[in-house]
>>> print(open('my_file_26.cif').read())   # mmCIF, C-alpha atoms
data_coords
loop_
_atom_site.group_PDB
_atom_site.id
_atom_site.type_symbol
_atom_site.label_atom_id
_atom_site.label_comp_id
_atom_site.auth_asym_id
_atom_site.auth_seq_id
_atom_site.Cartn_x
_atom_site.Cartn_y
_atom_site.Cartn_z
ATOM 1 C CA MET A 1265 137.043 216.950 199.572
ATOM 2 C CA ARG A 1266 136.231 216.348 203.204
ATOM 3 C CA PRO A 1267 132.958 217.743 204.460
ATOM 4 C CA ASN A 1268 133.397 220.640 206.847
ATOM 5 C CA GLY A 1269 132.703 220.248 210.564
ATOM 6 C CA ARG A 1270 129.217 221.778 210.427
ATOM 7 C CA HIS A 1271 128.034 219.358 207.746
ATOM 8 C CA THR A 1272 129.529 216.426 209.642
ATOM 9 C CA ALA A 1273 127.641 217.408 212.809
ATOM 10 C CA GLY A 1274 124.398 217.769 210.854
ATOM 11 C CA ALA A 1275 124.810 214.301 209.360
ATOM 12 C CA SER A 1276 125.506 212.784 212.789
ATOM 13 C CA GLN A 1277 122.203 214.204 214.095
ATOM 14 C CA LEU A 1278 120.055 212.450 211.444
ATOM 15 C CA PRO A 1279 119.748 209.083 213.291
ATOM 16 C CA ALA A 1280 118.646 210.887 216.466
ATOM 17 C CA LEU A 1281 116.049 212.883 214.554
ATOM 18 C CA ARG A 1282 114.699 209.687 213.001
ATOM 19 C CA VAL A 1283 114.362 208.143 216.473
ATOM 20 C CA TRP A 1284 112.431 211.182 217.758
ATOM 21 C CA ALA A 1285 110.161 211.120 214.698
ATOM 22 C CA LEU A 1286 109.450 207.415 215.229
ATOM 23 C CA CYS A 1287 108.606 208.043 218.887
ATOM 24 C CA LEU A 1288 106.161 210.791 217.930
ATOM 25 C CA LEU A 1289 104.470 208.517 215.404
ATOM 26 C CA LEU A 1290 104.106 205.759 218.003
ATOM 27 C CA LEU A 1291 102.634 208.194 220.533
ATOM 28 C CA SER A 1292 100.156 209.447 217.935
ATOM 29 C CA ALA A 1293 99.108 205.890 217.112
ATOM 30 C CA VAL A 1294 98.451 205.168 220.785
ATOM 31 C CA ALA A 1295 96.411 208.363 221.131
ATOM 32 C CA ILE A 1296 94.009 207.389 218.350
ATOM 33 C CA SER A 1297 93.991 203.645 218.943
ATOM 34 C CA PRO A 1298 90.529 202.076 219.262
ATOM 35 C CA THR A 1299 91.704 200.387 222.458
ATOM 36 C CA THR A 1300 91.498 203.772 224.192
ATOM 37 C CA ALA A 1301 87.756 204.045 223.460
ATOM 38 C CA ARG A 1302 85.143 203.510 226.174
ATOM 39 C CA ALA A 1303 84.731 199.997 227.449
ATOM 40 C CA ALA A 1304 82.045 197.867 225.817
ATOM 41 C CA PRO A 1305 79.499 195.884 227.828
ATOM 42 C CA SER A 1306 80.613 192.399 228.818
ATOM 43 C CA GLN A 1307 79.267 189.294 227.103
ATOM 44 C CA ALA A 1308 77.482 188.323 230.309
ATOM 45 C CA GLN A 1309 75.681 191.664 230.333
ATOM 46 C CA VAL A 1310 74.632 191.627 226.683
ATOM 47 C CA ALA A 1311 73.488 188.000 226.884
ATOM 48 C CA THR A 1312 70.672 188.976 229.261
ATOM 49 C CA THR A 1313 69.793 192.213 227.432
ATOM 50 C CA HIS A 1314 67.197 192.720 224.721
ATOM 51 C CA VAL A 1315 66.616 195.873 222.695
ATOM 52 C CA TYR A 1316 63.197 196.340 221.099
ATOM 53 C CA LEU A 1317 63.122 198.827 218.203
ATOM 54 C CA LEU A 1318 59.685 200.025 217.090
ATOM 55 C CA ARG A 1319 59.236 201.417 213.583
ATOM 56 C CA GLY A 1320 56.568 203.968 212.694
ATOM 57 C CA VAL A 1321 53.642 203.895 210.286
ATOM 58 C CA LEU A 1322 53.824 201.717 207.143
ATOM 59 C CA ASN A 1323 57.137 200.170 208.172
ATOM 60 C CA ILE A 1324 59.017 202.110 205.495
ATOM 61 C CA PHE A 1325 59.954 205.425 207.144
ATOM 62 C CA SER A 1326 61.951 204.099 210.112
ATOM 63 C CA LEU A 1327 64.565 201.948 208.427
ATOM 64 C CA GLY A 1328 67.314 203.705 210.351
ATOM 65 C CA LEU A 1329 66.238 201.513 213.259
ATOM 66 C CA ASP A 1330 67.299 198.502 211.189
ATOM 67 C CA THR A 1331 70.771 200.013 210.909
ATOM 68 C CA ILE A 1332 70.909 200.646 214.660
ATOM 69 C CA GLY A 1333 69.745 197.077 215.231
ATOM 70 C CA ALA A 1334 72.458 195.696 212.946
ATOM 71 C CA ARG A 1335 75.125 197.690 214.768
ATOM 72 C CA LEU A 1336 73.909 196.434 218.126
ATOM 73 C CA GLN A 1337 73.856 192.854 216.851
ATOM 74 C CA ALA A 1338 77.466 193.318 215.732
ATOM 75 C CA GLN A 1339 78.222 193.944 219.420
ATOM 76 C CA GLY A 1340 76.405 190.738 220.317
ATOM 77 C CA ILE A 1341 73.336 192.514 221.709
ATOM 78 C CA PRO A 1342 70.030 190.735 220.915
ATOM 79 C CA VAL A 1343 67.498 192.960 219.161
ATOM 80 C CA THR A 1344 63.974 192.830 217.765
ATOM 81 C CA VAL A 1345 62.905 195.313 215.089
ATOM 82 C CA ALA A 1346 59.141 195.491 214.551
ATOM 83 C CA ASN A 1347 56.300 197.802 213.642
ATOM 84 C CA PHE A 1348 54.835 199.834 216.495
ATOM 85 C CA VAL A 1349 51.518 197.950 216.309
ATOM 86 C CA SER A 1350 53.334 194.959 217.857
ATOM 87 C CA TRP A 1351 54.169 196.784 221.090
ATOM 88 C CA SER A 1352 51.666 194.868 223.247
ATOM 89 C CA SER A 1353 52.746 191.369 222.173
ATOM 90 C CA LEU A 1354 56.394 192.389 222.466
ATOM 91 C CA ALA A 1355 55.755 193.602 226.020
ATOM 92 C CA ASN A 1356 54.249 190.211 226.875
ATOM 93 C CA GLU A 1357 57.242 188.442 225.332
ATOM 94 C CA ALA A 1358 59.708 190.607 227.260
ATOM 95 C CA ALA A 1359 57.810 190.105 230.522
ATOM 96 C CA ALA A 1360 57.763 186.320 230.096
ATOM 97 C CA ASN A 1361 61.511 186.211 229.409
ATOM 98 C CA TYR A 1362 62.236 188.513 232.345
ATOM 99 C CA LYS A 1363 60.210 186.408 234.784
ATOM 100 C CA ALA A 1364 61.880 183.248 233.483
ATOM 101 C CA GLY A 1365 65.294 184.754 234.238
ATOM 102 C CA ARG A 1366 66.379 184.806 230.596
ATOM 103 C CA LEU A 1367 66.235 188.594 230.437
ATOM 104 C CA LYS A 1368 67.486 191.189 232.904
ATOM 105 C CA THR A 1369 67.924 194.423 230.952
ATOM 106 C CA ILE A 1370 65.130 195.743 228.715
ATOM 107 C CA VAL A 1371 65.745 198.658 226.354
ATOM 108 C CA LEU A 1372 63.118 200.237 224.092
ATOM 109 C CA VAL A 1373 63.710 202.510 221.082
ATOM 110 C CA GLY A 1374 61.004 203.956 218.853
ATOM 111 C CA HIS A 1375 60.730 206.361 215.933
ATOM 112 C CA SER A 1376 57.674 208.449 215.039
ATOM 113 C CA SER A 1377 54.584 206.380 215.952
ATOM 114 C CA GLY A 1378 57.009 203.861 217.427
ATOM 115 C CA ALA A 1379 58.130 206.552 219.868
ATOM 116 C CA THR A 1380 54.511 207.390 220.653
ATOM 117 C CA ALA A 1381 53.903 203.733 221.599
ATOM 118 C CA LEU A 1382 56.800 203.569 224.069
ATOM 119 C CA PRO A 1383 54.883 204.869 227.140
ATOM 120 C CA ASP A 1384 52.156 202.262 226.544
ATOM 121 C CA MET A 1385 54.730 199.481 226.293
ATOM 122 C CA ILE A 1386 56.498 200.701 229.434
ATOM 123 C CA ALA A 1387 53.181 200.848 231.308
ATOM 124 C CA LYS A 1388 52.277 197.304 230.289
ATOM 125 C CA LEU A 1389 55.649 195.997 231.443
ATOM 126 C CA ASN A 1390 55.352 197.921 234.722
ATOM 127 C CA GLN A 1391 51.893 196.433 235.316
ATOM 128 C CA GLN A 1392 53.579 193.030 235.282
ATOM 129 C CA GLY A 1393 56.310 194.159 237.667
ATOM 130 C CA VAL A 1394 58.935 194.328 234.925
ATOM 131 C CA PRO A 1395 61.360 197.293 234.873
ATOM 132 C CA VAL A 1396 62.600 199.058 231.749
ATOM 133 C CA LYS A 1397 66.230 200.124 231.944
ATOM 134 C CA LEU A 1398 66.171 202.655 229.098
ATOM 135 C CA ALA A 1399 63.695 204.009 226.554
ATOM 136 C CA ILE A 1400 64.634 206.327 223.682
ATOM 137 C CA GLY A 1401 61.994 208.047 221.569
ATOM 138 C CA LEU A 1402 62.875 209.684 218.245
ATOM 139 C CA ASP A 1403 60.450 212.471 217.340
ATOM 140 C CA SER A 1404 57.131 211.159 218.630
ATOM 141 C CA VAL A 1405 54.341 212.469 216.373
ATOM 142 C CA PHE A 1406 51.731 212.928 219.106
ATOM 143 C CA LYS A 1407 51.724 214.426 222.566
ATOM 144 C CA THR A 1408 53.364 211.842 224.782
ATOM 145 C CA LYS A 1409 52.938 211.565 228.532
ATOM 146 C CA LEU A 1410 54.731 209.181 230.881
ATOM 147 C CA THR A 1411 52.504 207.829 233.627
ATOM 148 C CA THR A 1412 54.948 205.165 234.772
ATOM 149 C CA GLY A 1413 58.644 204.952 234.448
ATOM 150 C CA ALA A 1414 61.648 203.593 232.737
ATOM 151 C CA GLU A 1415 64.811 204.039 234.744
ATOM 152 C CA ARG A 1416 65.734 206.587 232.073
ATOM 153 C CA TYR A 1417 63.667 207.981 229.214
ATOM 154 C CA ILE A 1418 65.331 210.055 226.487
ATOM 155 C CA ASN A 1419 63.091 211.945 224.078
ATOM 156 C CA ILE A 1420 65.035 213.237 221.069
ATOM 157 C CA TYR A 1421 62.753 215.514 219.095
ATOM 158 C CA ILE A 1422 62.760 218.349 216.556
ATOM 159 C CA GLY A 1423 61.300 221.352 218.337
ATOM 160 C CA ASP A 1424 60.188 223.164 215.190
ATOM 161 C CA GLY A 1425 58.747 219.990 213.616
ATOM 162 C CA PRO A 1426 56.072 217.482 214.583
ATOM 163 C CA GLY A 1427 57.889 216.304 217.705
ATOM 164 C CA GLU A 1428 57.186 217.631 221.196
ATOM 165 C CA PRO A 1429 58.666 217.343 224.667
ATOM 166 C CA VAL A 1430 57.460 214.357 226.675
ATOM 167 C CA LYS A 1431 55.468 215.334 229.771
ATOM 168 C CA ARG A 1432 55.639 213.838 233.238
ATOM 169 C CA ALA A 1433 52.369 212.606 234.687
ATOM 170 C CA ASP A 1434 51.552 211.895 238.318
ATOM 171 C CA GLY A 1435 53.249 208.715 239.419
ATOM 172 C CA PHE A 1436 56.137 208.937 236.981
ATOM 173 C CA ARG A 1437 59.361 207.564 238.361
ATOM 174 C CA GLY A 1438 62.703 207.676 236.649
ATOM 175 C CA LYS A 1439 64.830 210.201 234.800
ATOM 176 C CA LEU A 1440 63.391 212.058 231.819
ATOM 177 C CA ASP A 1441 65.561 213.935 229.309
ATOM 178 C CA ASN A 1442 64.015 215.971 226.486
ATOM 179 C CA VAL A 1443 66.634 216.692 223.812
ATOM 180 C CA ASP A 1444 65.693 219.259 221.149
ATOM 181 C CA VAL A 1445 67.766 218.797 217.972
ATOM 182 C CA ARG A 1446 66.252 221.618 215.917
ATOM 183 C CA GLY A 1447 68.806 223.417 213.754
ATOM 184 C CA THR A 1448 70.966 220.336 213.283
ATOM 185 C CA GLY A 1449 69.671 219.612 209.796
ATOM 186 C CA VAL A 1450 67.717 216.473 210.707
ATOM 187 C CA GLY A 1451 64.054 216.047 209.780
ATOM 188 C CA HIS A 1452 61.291 213.780 210.992
ATOM 189 C CA ILE A 1453 61.979 211.194 208.260
ATOM 190 C CA SER A 1454 65.765 211.365 208.609
ATOM 191 C CA ILE A 1455 66.249 211.576 212.381
ATOM 192 C CA ASP A 1456 66.561 207.802 212.788
ATOM 193 C CA LYS A 1457 69.032 207.619 209.890
ATOM 194 C CA ASN A 1458 71.285 210.469 211.026
ATOM 195 C CA GLU A 1459 74.755 209.197 211.894
ATOM 196 C CA ALA A 1460 75.188 211.396 214.976
ATOM 197 C CA ILE A 1461 71.756 210.403 216.318
ATOM 198 C CA GLN A 1462 72.496 206.719 215.740
ATOM 199 C CA ARG A 1463 75.817 207.011 217.578
ATOM 200 C CA ARG A 1464 74.042 208.752 220.468
ATOM 201 C CA VAL A 1465 71.396 206.020 220.661
ATOM 202 C CA ILE A 1466 73.960 203.210 220.613
ATOM 203 C CA ALA A 1467 76.171 204.959 223.184
ATOM 204 C CA GLU A 1468 73.193 205.406 225.526
ATOM 205 C CA ILE A 1469 72.273 201.736 225.127
ATOM 206 C CA ASP A 1470 75.842 200.620 225.837
ATOM 207 C CA ALA A 1471 75.937 202.846 228.932
ATOM 208 C CA ALA A 1472 72.605 201.452 230.162
ATOM 209 C CA ILE A 1473 73.861 197.892 229.775
ATOM 210 C CA MET A 1474 77.022 198.799 231.674
ATOM 211 C CA ARG A 1475 74.800 200.138 234.474
ATOM 212 C CA SER A 1476 72.828 196.899 234.525
ATOM 213 C CA ARG A 1477 74.917 195.663 237.460
ATOM 214 C CA ALA A 1478 72.961 198.089 239.630
ATOM 215 C CA PRO A 1479 69.646 196.639 240.835
ATOM 216 C CA ALA A 1480 66.463 197.905 239.200
ATOM 217 C CA VAL A 1481 63.287 197.663 241.278
ATOM 218 C CA PRO A 1482 60.225 196.374 239.401
ATOM 219 C CA VAL A 1483 57.663 199.147 239.066
ATOM 220 C CA ALA A 1484 54.016 198.665 240.064
ATOM 221 C CA GLU A 1485 51.314 200.561 238.206
ATOM 222 C CA PRO A 1486 50.238 203.607 240.293
ATOM 223 C CA GLY A 1487 46.661 202.312 240.491
ATOM 224 C CA ALA A 1488 47.607 198.748 241.394
ATOM 225 C CA PRO A 1489 46.190 197.191 244.571
ATOM 226 C CA ARG A 1490 48.268 197.440 247.716
ATOM 227 C CA GLN A 1491 48.962 193.704 247.647
ATOM 228 C CA ALA A 1492 50.389 193.947 244.122
ATOM 229 C CA ARG A 1493 52.553 196.876 245.152
ATOM 230 C CA SER A 1494 53.892 194.954 248.135
ATOM 231 C CA ALA A 1495 54.644 191.915 246.009
ATOM 232 C CA ALA A 1496 56.571 194.037 243.507
ATOM 233 C CA ALA A 1497 58.470 195.779 246.267
ATOM 234 C CA SER A 1498 59.458 192.514 247.924
ATOM 235 C CA ALA A 1499 60.430 190.713 244.707
ATOM 236 C CA PRO A 1500 64.127 189.858 244.281
ATOM 237 C CA ALA A 1501 65.979 192.734 242.661
ATOM 238 C CA ARG A 1502 66.852 192.207 238.992
ATOM 239 C CA ASN A 1503 68.629 194.331 236.442
#
>>> encode(input="my_file_26.cif", output="structure tokens")
Amino acid sequence: MRPNGRHTAGASQLPALRVWALCLLLLSAVAISPTTARAAPSQAQVATTHVYLLRGVLNIFSLGLDTIGARLQAQGIPVTVANFVSWSSLANEAAANYKAGRLKTIVLVGHSSGATALPDMIAKLNQQGVPVKLAIGLDSVFKTKLTTGAERYINIYIGDGPGEPVKRADGFRGKLDNVDVRGTGVGHISIDKNEAIQRRVIAEIDAAIMRSRAPAVPVAEPGAPRQARSAAASAPARN
């Protein structure tokens, strides 16, 4: 028995339908391909970047910073993870590397007491004429005030927990963002381990490194002598 005309037409359309289905699958694959994601910093940019991650008290409650550090290292970005009590020696190390030309982009991240120490570390770097590209604090446990500036300071805190907004003091220069994450289910101990927070931190760091082509002017401490201010202002621009 020969198939009727309608069945024959339906059979002849099958190859065309398969072609259309294949095209749709290919278009879907392109839409979700990782190659369409945001551009990553270049190797030249990451080679002269260093991210300092400061843990909080006892070194056992901020281990999410270790995860962030490992993810950054996977991108080729040099990192140092240390307890917050090391902030002063780390500032000296960063300043020495910056002045030697080995370091152009400095990023600071801290959790809990590590976040509380960030303004002190920024101030010490600024006193030496060294700019900070980005600082990110995660739920600082004490009232925090910025007297000098990073190019951008992001304070991610839990408004109904121990964290508080960071305040601007006279002489502060830079951009300050206070981000309240109350109601998101994160707590003081878990904020550094939260996947969404970690992605936000890494994305902000990547964006800061991408911006490192723009010159950053070394910052002089507000109370510094006029000669020191002039020297900082006339120094060659670095990133």
>>> closest_residue(input="my_file_26.cif", among="A:Thr1312, A:Asn1419, A:Gln1462, A:Asn1347", to="Thr1331 in chain A", atoms="all atoms listed in the file")
A:Gln1462
>>> resolve_selection(input="my_file_26.cif", expression="the PyMOL selection byres ((chain A and resi 1424) around 10)", output="list in words")
Tyr1421, Ile1422, Gly1423, Gly1425, Pro1426, Gly1427, Glu1428, Asp1444, Val1445, Arg1446, Gly1447 and Gly1451 of chain A
>>> atom_distance(input="my_file_26.cif", atom1="CA of Lys1397 in chain A", atom2="CA of Arg1335 in chain A")
19.5 Å
>>> closest_residue(input="my_file_26.cif", among="A:Ile1455, A:Leu1354, A:Ala1311, A:Ile1420", to="Phe1325 in chain A", atoms="all atoms listed in the file")
A:Ile1455
>>> atom_distance(input="my_file_26.cif", atom1="CA of Val1430 in chain A", atom2="CA of Met1474 in chain A")
25.5 Å
>>> closest_residue(input="my_file_26.cif", among="A:Ala1308, A:Ala1334, A:Phe1406, A:Ser1326", to="Pro1383 in chain A", atoms="only C-alpha atoms")
A:Phe1406
>>> resolve_selection(input="my_file_26.cif", expression="the PyMOL selection byres ((chain A and resi 1386-1389) around 12)", output="mmCIF file with C-alpha atoms, keeping the file's coordinate frame")
data_model
loop_
_atom_site.group_PDB
_atom_site.id
_atom_site.type_symbol
_atom_site.label_atom_id
_atom_site.label_comp_id
_atom_site.auth_asym_id
_atom_site.auth_seq_id
_atom_site.Cartn_x
_atom_site.Cartn_y
_atom_site.Cartn_z
ATOM 1 C CA TYR A 1316 63.197 196.340 221.099
ATOM 2 C CA TRP A 1351 54.169 196.784 221.090
ATOM 3 C CA SER A 1352 51.666 194.868 223.247
ATOM 4 C CA SER A 1353 52.746 191.369 222.173
ATOM 5 C CA LEU A 1354 56.394 192.389 222.466
ATOM 6 C CA ALA A 1355 55.755 193.602 226.020
ATOM 7 C CA ASN A 1356 54.249 190.211 226.875
ATOM 8 C CA GLU A 1357 57.242 188.442 225.332
ATOM 9 C CA ALA A 1358 59.708 190.607 227.260
ATOM 10 C CA ALA A 1359 57.810 190.105 230.522
ATOM 11 C CA ALA A 1360 57.763 186.320 230.096
ATOM 12 C CA ASN A 1361 61.511 186.211 229.409
ATOM 13 C CA TYR A 1362 62.236 188.513 232.345
ATOM 14 C CA LYS A 1363 60.210 186.408 234.784
ATOM 15 C CA ILE A 1370 65.130 195.743 228.715
ATOM 16 C CA VAL A 1371 65.745 198.658 226.354
ATOM 17 C CA LEU A 1372 63.118 200.237 224.092
ATOM 18 C CA VAL A 1373 63.710 202.510 221.082
ATOM 19 C CA GLY A 1374 61.004 203.956 218.853
ATOM 20 C CA ALA A 1379 58.130 206.552 219.868
ATOM 21 C CA THR A 1380 54.511 207.390 220.653
ATOM 22 C CA ALA A 1381 53.903 203.733 221.599
ATOM 23 C CA LEU A 1382 56.800 203.569 224.069
ATOM 24 C CA PRO A 1383 54.883 204.869 227.140
ATOM 25 C CA ASP A 1384 52.156 202.262 226.544
ATOM 26 C CA MET A 1385 54.730 199.481 226.293
ATOM 27 C CA ASN A 1390 55.352 197.921 234.722
ATOM 28 C CA GLN A 1391 51.893 196.433 235.316
ATOM 29 C CA GLN A 1392 53.579 193.030 235.282
ATOM 30 C CA GLY A 1393 56.310 194.159 237.667
ATOM 31 C CA VAL A 1394 58.935 194.328 234.925
ATOM 32 C CA PRO A 1395 61.360 197.293 234.873
ATOM 33 C CA VAL A 1396 62.600 199.058 231.749
ATOM 34 C CA LYS A 1397 66.230 200.124 231.944
ATOM 35 C CA LEU A 1398 66.171 202.655 229.098
ATOM 36 C CA ALA A 1399 63.695 204.009 226.554
ATOM 37 C CA ILE A 1400 64.634 206.327 223.682
ATOM 38 C CA LYS A 1409 52.938 211.565 228.532
ATOM 39 C CA LEU A 1410 54.731 209.181 230.881
ATOM 40 C CA THR A 1411 52.504 207.829 233.627
ATOM 41 C CA THR A 1412 54.948 205.165 234.772
ATOM 42 C CA GLY A 1413 58.644 204.952 234.448
ATOM 43 C CA ALA A 1414 61.648 203.593 232.737
ATOM 44 C CA GLU A 1415 64.811 204.039 234.744
ATOM 45 C CA ARG A 1416 65.734 206.587 232.073
ATOM 46 C CA TYR A 1417 63.667 207.981 229.214
ATOM 47 C CA GLY A 1435 53.249 208.715 239.419
ATOM 48 C CA PHE A 1436 56.137 208.937 236.981
ATOM 49 C CA ARG A 1437 59.361 207.564 238.361
ATOM 50 C CA GLY A 1438 62.703 207.676 236.649
ATOM 51 C CA PRO A 1482 60.225 196.374 239.401
ATOM 52 C CA VAL A 1483 57.663 199.147 239.066
ATOM 53 C CA ALA A 1484 54.016 198.665 240.064
ATOM 54 C CA GLU A 1485 51.314 200.561 238.206
ATOM 55 C CA PRO A 1486 50.238 203.607 240.293
ATOM 56 C CA GLY A 1487 46.661 202.312 240.491
ATOM 57 C CA ALA A 1488 47.607 198.748 241.394
#
>>> residues_around(input="my_file_26.cif", residues="Gly1320 in chain A", least_positions_apart="5", cutoff="6 Å", atoms="all atoms listed in the file", output="PDB file with C-alpha atoms, in the frame of the given file")
ATOM      1  CA  SER A1326      61.951 204.099 210.112  1.00  0.00           C
ATOM      2  CA  PHE A1348      54.835 199.834 216.495  1.00  0.00           C
ATOM      3  CA  HIS A1375      60.730 206.361 215.933  1.00  0.00           C
ATOM      4  CA  SER A1376      57.674 208.449 215.039  1.00  0.00           C
ATOM      5  CA  SER A1377      54.584 206.380 215.952  1.00  0.00           C
ATOM      6  CA  GLY A1378      57.009 203.861 217.427  1.00  0.00           C
TER       7      GLY A1378
END
>>> closest_residue(input="my_file_26.cif", among="A:Ile1332, A:Ala1364, A:Ile1418, A:Ile1473", to="Ala1460 in chain A", atoms="all atoms listed in the file")
A:Ile1332
>>> atom_distance(input="my_file_26.cif", atom1="CA of Ala1338 in chain A", atom2="CA of Gly1401 in chain A")
22.1 Å
>>> residues_near_point(input="my_file_26.cif", point="(64.6, 194.1, 216.9)", cutoff="6 Å", atoms="all atoms listed in the file", output="ChimeraX atom specification")
/A:1316-1317,1343-1345
